[in-house]
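What follows is final24.cif (mmCIF, C-alpha atoms and all ligand atoms).
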data_final
#
loop_
_atom_site.label_atom_id
_atom_site.label_comp_id
_atom_site.auth_asym_id
_atom_site.auth_seq_id
_atom_site.Cartn_x
_atom_site.Cartn_y
_atom_site.Cartn_z
CA MET A 1 83.03 206.53 116.37
CA ALA A 2 86.64 205.98 115.30
CA PRO A 3 89.07 205.40 118.17
CA LYS A 4 91.27 208.43 118.82
CA PHE A 5 94.51 206.56 119.39
CA PRO A 6 96.93 205.64 116.59
CA MET A 7 96.61 202.18 115.09
CA PRO A 8 98.12 200.15 112.28
CA GLY A 9 96.47 200.56 108.89
CA LEU A 10 94.02 198.01 107.59
CA ASP A 11 93.25 197.12 104.00
CA ALA A 12 90.17 194.89 103.93
CA ALA A 13 90.57 194.01 100.24
CA LYS A 14 94.12 192.87 100.93
CA LEU A 15 92.88 190.80 103.89
CA ARG A 16 90.43 189.03 101.60
CA GLU A 17 93.04 188.42 98.91
CA ASN A 18 95.55 187.03 101.44
CA ALA A 19 92.86 184.75 102.88
CA LEU A 20 92.01 183.28 99.49
CA THR A 21 95.69 182.87 98.52
CA SER A 22 96.41 181.09 101.79
CA ILE A 23 93.48 178.69 101.34
CA ARG A 24 94.53 177.97 97.73
CA LEU A 25 98.11 177.26 98.84
CA GLY A 26 96.81 175.00 101.61
CA VAL A 27 94.78 172.94 99.17
CA GLU A 28 97.76 172.73 96.78
CA ASP A 29 99.99 171.50 99.61
CA PHE A 30 97.36 168.97 100.56
CA GLU A 31 97.10 167.68 97.00
CA ARG A 32 100.89 167.41 96.73
CA CYS A 33 101.30 165.55 100.01
CA ARG A 34 98.63 163.10 98.95
CA HIS A 35 100.61 162.30 95.83
CA GLN A 36 104.01 162.24 97.50
CA GLU A 37 103.45 159.39 99.91
CA GLY A 38 102.27 161.75 102.62
CA ASP A 39 105.29 164.05 102.81
CA PRO A 40 104.97 165.30 106.43
CA ALA A 41 106.41 168.77 105.65
CA ARG A 42 103.68 169.24 103.04
CA ALA A 43 101.00 168.04 105.45
CA LEU A 44 102.15 170.61 108.00
CA SER A 45 102.28 173.33 105.38
CA ALA A 46 98.76 172.41 104.21
CA ILE A 47 97.28 172.72 107.69
CA ARG A 48 99.19 175.94 108.44
CA ASN A 49 97.99 177.58 105.24
CA LEU A 50 94.40 176.40 105.60
CA PHE A 51 94.19 177.49 109.21
CA ALA A 52 95.75 180.89 108.48
CA GLY A 53 93.50 181.32 105.42
CA VAL A 54 90.31 180.55 107.34
CA LEU A 55 91.24 182.97 110.14
CA LEU A 56 92.06 185.70 107.60
CA LEU A 57 88.70 185.14 105.94
CA PHE A 58 87.00 185.47 109.32
CA LYS A 59 88.88 188.70 110.02
CA TYR A 60 87.89 190.01 106.60
CA LYS A 61 84.25 189.32 107.47
CA ILE A 62 84.59 191.21 110.76
CA ALA A 63 86.27 194.13 108.97
CA ALA A 64 83.51 194.14 106.36
CA CYS A 65 80.82 194.51 109.04
CA VAL A 66 81.63 198.18 109.62
CA ASN A 67 81.81 201.15 107.25
CA ASP A 68 84.72 203.10 108.70
CA PRO A 69 88.19 201.58 108.00
CA ALA A 70 89.35 202.89 111.38
CA ASP A 71 86.54 200.93 113.07
CA ALA A 72 87.51 197.88 111.03
CA ALA A 73 91.11 198.15 112.23
CA ALA A 74 89.94 198.56 115.82
CA LEU A 75 88.05 195.27 115.52
CA ILE A 76 90.95 193.34 113.97
CA PHE A 77 94.03 194.55 115.86
CA ASN A 78 94.62 193.72 119.49
CA PRO A 79 93.37 196.67 121.53
CA PRO A 80 95.47 198.43 124.15
CA GLU A 81 94.99 197.31 127.73
CA ILE A 82 92.27 199.18 129.58
CA LEU A 83 93.30 200.05 133.13
CA PRO A 84 91.50 201.73 136.03
CA HIS A 85 92.73 205.24 136.91
CA SER A 86 91.72 207.47 139.77
CA ASN A 87 89.39 210.23 138.64
CA GLY A 88 90.78 212.40 141.43
CA ASP A 89 87.42 212.45 143.16
CA GLY A 90 87.36 209.06 144.88
CA GLY A 91 86.07 207.28 141.79
CA ILE A 92 87.70 205.40 138.93
CA GLU A 93 87.90 205.81 135.22
CA TRP A 94 88.80 203.01 132.78
CA VAL A 95 91.37 204.31 130.31
CA PRO A 96 93.13 202.54 127.43
CA VAL A 97 96.87 202.52 128.05
CA GLY A 98 99.32 202.48 125.13
CA LYS A 99 98.49 201.88 121.50
CA PHE A 100 96.76 199.25 119.43
CA LYS A 101 99.21 196.38 119.05
CA PRO A 102 100.66 195.42 115.67
CA THR A 103 99.26 191.89 116.18
CA THR A 104 95.78 190.85 115.11
CA ILE A 105 93.15 189.07 117.18
CA ASP A 106 93.37 185.33 117.87
CA VAL A 107 90.79 182.56 117.50
CA GLY A 108 89.23 183.22 120.91
CA THR A 109 88.74 186.92 120.18
CA ILE A 110 87.46 186.25 116.65
CA GLN A 111 84.86 184.02 118.28
CA LYS A 112 83.81 186.84 120.63
CA ARG A 113 83.58 189.32 117.73
CA PHE A 114 81.44 186.83 115.79
CA GLU A 115 79.13 186.48 118.77
CA THR A 116 78.59 190.22 119.13
CA PHE A 117 78.13 190.65 115.36
CA GLU A 118 75.91 187.55 115.14
CA ILE A 119 78.10 185.75 112.62
CA ASP A 120 77.54 181.99 112.61
CA VAL A 121 80.26 179.41 112.16
CA ASP A 122 80.86 175.82 113.28
CA TRP A 123 83.52 176.47 115.93
CA GLY A 124 83.86 172.77 116.68
CA VAL A 125 85.52 172.22 113.29
CA ILE A 126 87.70 175.34 113.64
CA GLU A 127 88.88 174.20 117.07
CA LYS A 128 89.70 170.77 115.66
CA LEU A 129 91.64 172.42 112.85
CA GLN A 130 93.55 174.48 115.40
CA ALA A 131 94.23 171.41 117.54
CA CYS A 132 95.44 169.55 114.45
CA ARG A 133 97.80 172.39 113.59
CA ASN A 134 99.19 172.57 117.13
CA HIS A 135 99.52 168.82 117.19
CA LEU A 136 101.49 168.86 113.92
CA GLU A 137 103.65 171.80 115.04
CA HIS A 138 104.61 170.36 118.38
CA LEU A 139 104.76 166.66 117.80
CA HIS A 140 106.54 164.76 115.13
CA PRO A 141 104.54 165.57 112.03
CA ALA A 142 104.93 162.14 110.47
CA HIS A 143 102.01 159.74 110.04
CA THR A 144 99.29 162.33 110.19
CA LEU A 145 98.32 162.65 106.56
CA GLY A 146 95.08 160.83 107.32
CA GLU A 147 94.24 163.38 109.98
CA VAL A 148 94.89 166.25 107.58
CA ALA A 149 92.72 164.57 104.95
CA ASP A 150 89.90 164.28 107.51
CA PHE A 151 90.12 168.00 108.27
CA VAL A 152 90.15 169.11 104.66
CA ALA A 153 86.94 167.10 104.23
CA GLU A 154 85.38 168.50 107.40
CA LEU A 155 86.41 172.04 106.59
CA PHE A 156 84.65 171.94 103.22
CA PRO A 157 81.04 172.45 104.42
CA VAL A 158 82.14 175.04 106.99
CA LEU A 159 83.93 177.09 104.35
CA ARG A 160 81.11 176.61 101.84
CA ASP A 161 78.44 177.87 104.27
CA PHE A 162 80.60 180.74 105.47
CA ILE A 163 81.46 182.01 102.00
CA GLN A 164 77.89 181.62 100.74
CA THR A 165 75.96 182.85 103.76
CA GLU A 166 78.26 185.29 105.50
CA LEU A 167 80.21 186.69 102.55
CA GLY A 168 77.40 186.30 100.02
CA GLU A 169 79.83 184.97 97.43
CA SER A 170 80.30 181.76 95.48
CA PRO A 171 83.17 179.56 96.76
CA ALA A 172 83.71 178.08 93.30
CA THR A 173 84.18 181.55 91.85
CA ILE A 174 86.50 182.96 94.47
CA LEU A 175 88.58 179.81 95.08
CA GLY A 176 88.67 178.34 91.57
CA ASP A 177 90.54 175.05 91.14
CA ALA A 178 91.24 174.78 94.86
CA TRP A 179 87.49 174.65 95.44
CA GLN A 180 87.00 171.87 92.89
CA LEU A 181 89.75 169.82 94.57
CA MET A 182 88.17 170.32 98.00
CA LEU A 183 84.79 169.35 96.61
CA LEU A 184 86.14 166.15 95.06
CA HIS A 185 88.00 165.24 98.22
CA HIS A 186 84.96 165.99 100.40
CA ASN A 187 82.67 163.87 98.22
CA PHE A 188 85.21 161.06 98.21
CA PHE A 189 85.47 161.27 101.99
CA VAL A 190 81.70 161.29 102.56
CA ASP A 191 81.24 158.42 100.13
CA ILE A 192 83.97 156.26 101.72
CA THR A 193 82.73 157.05 105.23
CA LYS A 194 79.26 155.87 104.27
CA ARG A 195 80.57 152.70 102.66
CA CYS A 196 82.75 151.95 105.69
CA GLU A 197 79.76 152.38 108.01
CA GLU A 198 77.69 149.99 105.93
CA ALA A 199 80.51 147.43 105.87
CA TRP A 200 80.95 147.67 109.65
CA SER A 201 77.26 147.08 110.28
CA GLU A 202 77.73 143.79 108.39
CA ALA A 203 80.61 142.98 110.73
CA CYS A 204 78.30 143.04 113.81
CA PRO A 205 80.18 145.08 116.40
CA PRO A 206 78.72 144.79 119.94
CA GLU A 207 75.81 147.23 120.25
CA GLY A 208 77.34 149.15 123.16
CA MET A 209 80.66 149.59 121.36
CA LYS A 210 79.23 151.08 118.15
CA PRO A 211 79.89 154.70 119.18
CA TRP A 212 83.51 153.78 119.92
CA LEU A 213 83.94 152.09 116.57
CA LYS A 214 83.12 155.49 115.01
CA GLU A 215 85.92 157.10 117.06
CA CYS A 216 88.62 154.69 115.85
CA LYS A 217 91.59 156.11 113.97
CA CYS A 218 94.35 154.43 111.97
CA SER A 219 97.33 153.94 114.30
CA LYS A 220 99.68 154.87 111.48
CA CYS A 221 98.15 157.95 109.81
CA SER A 222 95.24 158.90 112.17
CA SER A 223 92.64 158.67 109.41
CA THR A 224 89.09 157.80 110.43
CA LEU A 225 88.52 155.99 107.13
CA LEU A 226 88.74 152.42 108.41
CA ALA A 227 87.04 149.52 106.64
CA PRO A 228 86.54 145.98 107.94
CA ALA A 229 89.05 143.57 106.37
CA GLN A 230 87.48 141.69 103.49
CA GLU A 231 88.97 138.36 104.62
CA ASN A 232 87.12 138.63 107.95
CA LEU A 233 83.86 139.50 106.23
CA ASP A 234 84.34 136.61 103.78
CA ALA A 235 84.99 134.21 106.66
CA GLY A 236 81.75 135.34 108.32
CA ASP A 237 83.65 136.68 111.36
CA THR A 238 81.97 139.17 113.66
CA VAL A 239 83.68 141.92 115.63
CA GLU A 240 81.73 140.86 118.72
CA TYR A 241 82.93 137.24 118.84
CA ASN A 242 86.08 137.19 116.67
CA ASP A 243 87.80 140.27 118.05
CA ASP A 244 91.05 138.26 118.39
CA ARG A 245 91.36 138.21 114.60
CA PHE A 246 89.00 140.83 113.18
CA LYS A 247 91.05 143.45 111.36
CA ALA A 248 90.50 146.91 109.92
CA THR A 249 92.19 148.33 106.84
CA CYS A 250 92.91 152.05 106.55
CA ILE A 251 91.61 153.45 103.26
CA ALA A 252 94.01 156.42 103.46
CA CYS A 253 97.30 154.55 103.94
CA GLY A 254 96.55 150.83 103.61
CA HIS A 255 97.70 149.95 107.14
CA THR A 256 95.93 146.94 108.66
CA ALA A 257 95.43 146.27 112.39
CA LEU A 258 93.07 144.51 114.81
CA ILE A 259 89.97 146.65 115.33
CA ALA A 260 89.15 145.69 118.95
CA PRO A 261 92.19 147.36 120.58
CA LEU A 262 91.44 150.55 118.64
CA MET A 263 87.86 150.51 119.96
CA VAL A 264 89.00 149.89 123.55
CA ASP A 265 91.64 152.64 123.16
CA ALA A 266 89.03 155.12 121.95
CA LEU A 267 86.81 154.23 124.93
CA GLU A 268 89.72 154.54 127.35
CA LYS A 269 90.85 157.85 125.92
CA ALA A 270 87.38 159.32 126.44
CA HIS A 271 87.36 158.02 130.03
CA SER A 272 90.93 159.02 130.87
CA TYR A 273 91.50 160.51 134.31
CA ASP A 274 94.34 161.96 136.31
CA PRO A 275 94.84 160.37 139.75
CA ARG A 276 96.81 163.49 140.76
CA ASP A 277 93.57 165.50 140.46
CA GLY A 278 91.80 162.97 142.65
CA GLY A 279 90.35 161.33 139.54
CA GLU A 280 89.17 157.74 139.62
CA PRO A 281 88.85 155.24 136.82
CA SER A 282 85.38 154.95 135.30
CA VAL A 283 86.13 151.97 133.07
CA GLU A 284 87.78 148.67 134.03
CA ASN A 285 88.28 145.08 132.92
CA CYS A 286 85.07 143.09 132.76
CA ASN A 287 84.99 140.00 135.01
CA GLN A 288 82.74 138.23 132.52
CA CYS A 289 84.52 138.76 129.19
CA GLY A 290 87.93 140.07 130.31
CA ARG A 291 87.84 143.12 128.03
CA GLY A 292 88.57 146.63 129.30
CA THR A 293 85.02 147.73 128.55
CA PHE A 294 83.22 147.60 131.90
CA LEU A 295 81.70 150.98 132.82
CA ILE A 296 81.95 151.24 136.58
CA HIS A 297 79.19 153.84 137.12
CA GLU A 298 76.80 152.22 134.64
CA GLN A 299 77.57 148.82 136.25
CA SER A 300 77.62 147.11 132.88
CA CYS A 301 79.97 145.97 130.12
CA LEU A 302 79.74 147.65 126.72
CA TRP A 303 81.14 144.59 124.97
CA CYS A 304 79.32 141.60 126.47
CA SER A 305 76.44 143.49 128.19
CA ALA A 306 77.28 141.81 131.50
CA GLU A 307 75.44 143.42 134.41
CA LEU A 308 75.86 143.15 138.16
CA GLU A 309 73.74 140.78 140.24
CA TYR A 310 73.93 143.13 143.24
CA THR A 311 73.81 146.80 142.26
CA GLU A 312 73.54 148.46 145.68
CA CYS A 313 74.27 147.69 149.33
CA GLU A 314 71.23 146.43 151.24
CA MET A 315 72.29 148.40 154.30
CA CYS A 316 73.45 151.77 152.98
CA GLU A 317 72.30 151.74 149.33
CA GLU A 318 75.79 152.58 148.14
CA GLY A 319 76.41 151.52 144.52
CA LEU A 320 78.32 148.25 144.28
CA GLY A 321 81.08 147.26 141.91
CA GLN A 322 82.29 144.02 140.36
CA GLU A 323 84.56 143.46 143.39
CA ASP A 324 81.59 143.53 145.80
CA GLN A 325 79.64 140.74 144.14
CA ASP A 326 80.89 138.02 146.52
CA ASN A 327 79.53 139.92 149.54
CA GLY A 328 75.95 138.84 148.91
CA GLY A 329 74.58 142.34 148.33
CA LEU A 330 76.62 144.35 150.83
CA CYS A 331 79.26 147.00 150.34
CA SER A 332 82.75 146.16 151.57
CA TYR A 333 82.27 148.15 154.77
CA HIS A 334 79.00 146.44 155.73
CA ALA A 335 80.30 143.04 154.64
CA TYR A 336 83.25 143.53 156.99
CA SER A 337 81.04 144.74 159.87
CA TYR A 338 78.70 141.80 159.37
CA GLU A 339 81.55 139.30 159.35
CA LYS A 340 83.05 140.83 162.52
CA PHE A 341 79.68 140.73 164.24
CA MET A 342 79.25 137.03 163.34
CA ARG A 343 82.73 136.20 164.66
CA GLU A 344 82.13 137.98 167.96
CA ASP A 345 78.78 136.32 168.42
ZN ZN B 1 96.19 155.00 107.82
ZN ZN B 2 82.25 142.11 129.28
ZN ZN B 3 76.83 149.45 152.82
#
Rendering of file as structure tokens:
Amino acid sequence: MAPKFPMPGLDAAKLRENALTSIRLGVEDFERCRHQEGDPARALSAIRNLFAGVLLLFKYKIAACVNDPADAAALIFNPPEILPHSNGDGGIEWVPVGKFKPTTIDVGTIQKRFETFEIDVDWGVIEKLQACRNHLEHLHPAHTLGEVADFVAELFPVLRDFIQTELGESPATILGDAWQLMLLHHNFFVDITKRCEEAWSEACPPEGMKPWLKECKCSKCSSTLLAPAQENLDAGDTVEYNDDRFKATCIACGHTALIAPLMVDALEKAHSYDPRDGGEPSVENCNQCGRGTFLIHEQSCLWCSAELEYTECEMCEEGLGQEDQDNGGLCSYHAYSYEKFMRED
């Protein structure tokens, strides 16, 4: 049933055309910024266009799910607020107030529409794309070409599956050259990622730190394409024991930096806490190896695998930390009580 209140017009074919144009422009911007030493304005423009294009394509899909153009518009434009009114008989009636808004639905609402229409998409990648766009809009957009390059590569399979499965079309046909460029870039990215992973396994990172090595990003351009420095590999260095000199080179921008601080940073970022919310640290410096890689709750170090001799208090079974190890298996409270008792005796 078509809604009976006035609403802005909707042209699904135009929506589709705008989506494809926006994606093409985004890929063009991306190509240009890659060849212009990472021009930050181009990087921002690439992400804006890609993000807008993907959302338009999603909206087109939603609009295409229904037969009546009025229904399509009702799904795409922000609906009027629905407020409770008295029905004059002690009950309430929920009535839309005002008109459909001239604005269209946002990412959150698109997601809800997809759920009710059973349209599948990898929202994780879309949310990352949105975060990347916000990050570029609000922070200084310099040094983020690597991040943009990562997203173009990640977006490729999402867009491919969506266009093939949900729209029943061929991405190469509807996106033309832009699609070929995305494909090349995606294949390059996947290939380099694989080669970097193989090279890192040769560099022997500590077992427990491997997941954090994967999270490392170039400190200059935020790319995840980091390779172990050839000189360290040639010298037979290992990340585990030569972290004071083991370096990583960024494939995207050529920047070189020590890998260990990037790994510890990635670990710390994932374990960040806010003391104002009553948060407590869950990672600290290891007493054995001195690195900031000791997981307090796990009672072990991710870098050197150090474990605690005493893991819980003999009296109250409370978990012990590195600082309790000199108490001979007691928590600080029971160690203090015991000492006081001995003194009084
Ligand atoms: Zn870089
Ligand atoms: Zn350690
Ligand atoms: Zn105790």
Shell around Leu44 in chain A at 10 Å using all atoms listed in the file, local window under 5 positions removed, as an MDAnalysis selection string:
chainID A and resid 26 29:30 33 39 49:50 132:137 141:142 144:145 148
Can you pull out every residue with an atom within 9 Å of ligand ZN 3 (chain B)? Use all atoms listed in the file and format it as a PyMOL selection string.
chain A and resi 312-320+329-335
Using only C-alpha atoms and all ligand atoms, which protein or nucleic acid residues are at most 8 Å from ligand ZN 2 (chain B), as a VMD selection string? chain A and resid 285 to 294 300 to 306
query = Counting only C-alpha atoms and all ligand atoms, what residues are within 7 Å of ligand ZN 1 (chain B), given as JSON, numbers by chain?
reply = {"A": [146, 218, 219, 220, 221, 222, 223, 250, 251, 252, 253, 254, 255]}
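Nearest-residue note for Glu198 in chain A: choosing from A:Lys128, A:Arg42, A:Lys214, A:His185, the minimum distance belongs to A:Lys214, counting only C-alpha atoms.
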| request: Rounded to one decimal place, report the CA of Asp326 in chain A-CA of Glu280 in chain A distance in Å. | output: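 For CA of Asp326 in chain A relative to CA of Glu280 in chain A, the distance reads 22.5 Å.
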Worksheet item: Nearest to Asp71 in chain A among A:Asp11, A:Glu284, A:Asp161, A:Glu309, with distances taken over all atoms listed in the file: which residue is it?
Response: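 Selected residue with least distance to Asp71 in chain A: A:Asp11.
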Check your understanding: Using all atoms listed in the file, which residues sit within 12 Å of Arg160 in chain A once same-chain residues fewer than 6 positions away are excluded, as a list in words?
Key ->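 The neighbour list is Val54, Val121, Asp122, Ala153, Glu154, Glu166, Leu167, Gly168, Glu169, Ser170, Pro171, Ala172, Thr173, Ile174, Leu175, Trp179, Gln180, Met182, Leu183 and His186 of chain A.
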Those residues with C-alpha atoms, as a PDB file, in the coordinates of the input please?
ATOM      1  CA  VAL A  54      90.310 180.550 107.340  1.00  0.00           C
ATOM      2  CA  VAL A 121      80.260 179.410 112.160  1.00  0.00           C
ATOM      3  CA  ASP A 122      80.860 175.820 113.280  1.00  0.00           C
ATOM      4  CA  ALA A 153      86.940 167.100 104.230  1.00  0.00           C
ATOM      5  CA  GLU A 154      85.380 168.500 107.400  1.00  0.00           C
ATOM      6  CA  GLU A 166      78.260 185.290 105.500  1.00  0.00           C
ATOM      7  CA  LEU A 167      80.210 186.690 102.550  1.00  0.00           C
ATOM      8  CA  GLY A 168      77.400 186.300 100.020  1.00  0.00           C
ATOM      9  CA  GLU A 169      79.830 184.970  97.430  1.00  0.00           C
ATOM     10  CA  SER A 170      80.300 181.760  95.480  1.00  0.00           C
ATOM     11  CA  PRO A 171      83.170 179.560  96.760  1.00  0.00           C
ATOM     12  CA  ALA A 172      83.710 178.080  93.300  1.00  0.00           C
ATOM     13  CA  THR A 173      84.180 181.550  91.850  1.00  0.00           C
ATOM     14  CA  ILE A 174      86.500 182.960  94.470  1.00  0.00           C
ATOM     15  CA  LEU A 175      88.580 179.810  95.080  1.00  0.00           C
ATOM     16  CA  TRP A 179      87.490 174.650  95.440  1.00  0.00           C
ATOM     17  CA  GLN A 180      87.000 171.870  92.890  1.00  0.00           C
ATOM     18  CA  MET A 182      88.170 170.320  98.000  1.00  0.00           C
ATOM     19  CA  LEU A 183      84.790 169.350  96.610  1.00  0.00           C
ATOM     20  CA  HIS A 186      84.960 165.990 100.400  1.00  0.00           C
TER      21      HIS A 186
END
note - CA of Glu197 in chain A and CA of Asp265 in chain A are separated by 19.3 Å
For Leu55 in chain A, the closest of A:Ser337, A:Thr256, A:Asn187, A:Thr104 counting all atoms listed in the file is A:Thr104
**Study point:** Among the residues A:Thr224, A:Thr238, A:Ser86, A:Ser22, the one that comes closest to Ser201 in chain A [using only C-alpha atoms]
**Key:**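 Of A:Thr224, A:Thr238, A:Ser86, A:Ser22, the one nearest Ser201 in chain A is A:Thr238, counting only C-alpha atoms.
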Would you compute the box with edges along x, y and z of the file around range 303-320 of chain A, including every atom the file lists for it and 8 Å extra on each side, and give its centre and edge lengths in Å to one decimal, as AutoDock Vina command-line options?
--center_x 76.2 --center_y 146.7 --center_z 139.6 --size_x 25.9 --size_y 27.8 --size_z 45.3
Long-range neighbours of Lys269 in chain A as a short mmCIF file (atom, residue, chain, number, x, y, z; two decimals) with C-alpha atoms, keeping the file's coordinate frame, 12 Å cut-off, all atoms listed in the file, 6 positions minimum in chain:
data_model
loop_
_atom_site.label_atom_id
_atom_site.label_comp_id
_atom_site.auth_asym_id
_atom_site.auth_seq_id
_atom_site.Cartn_x
_atom_site.Cartn_y
_atom_site.Cartn_z
CA TRP A 212 83.51 153.78 119.92
CA GLU A 215 85.92 157.10 117.06
CA CYS A 216 88.62 154.69 115.85
CA PRO A 261 92.19 147.36 120.58
CA LEU A 262 91.44 150.55 118.64
CA MET A 263 87.86 150.51 119.96
CA PRO A 281 88.85 155.24 136.82
CA SER A 282 85.38 154.95 135.30
CA VAL A 283 86.13 151.97 133.07
CA GLY A 292 88.57 146.63 129.30
CA THR A 293 85.02 147.73 128.55
#
One residue among A:Pro96, A:Pro80, A:Gly124, A:Gly176 is nearest to Phe151 in chain A when using all atoms listed in the file, and that residue is A:Gly124
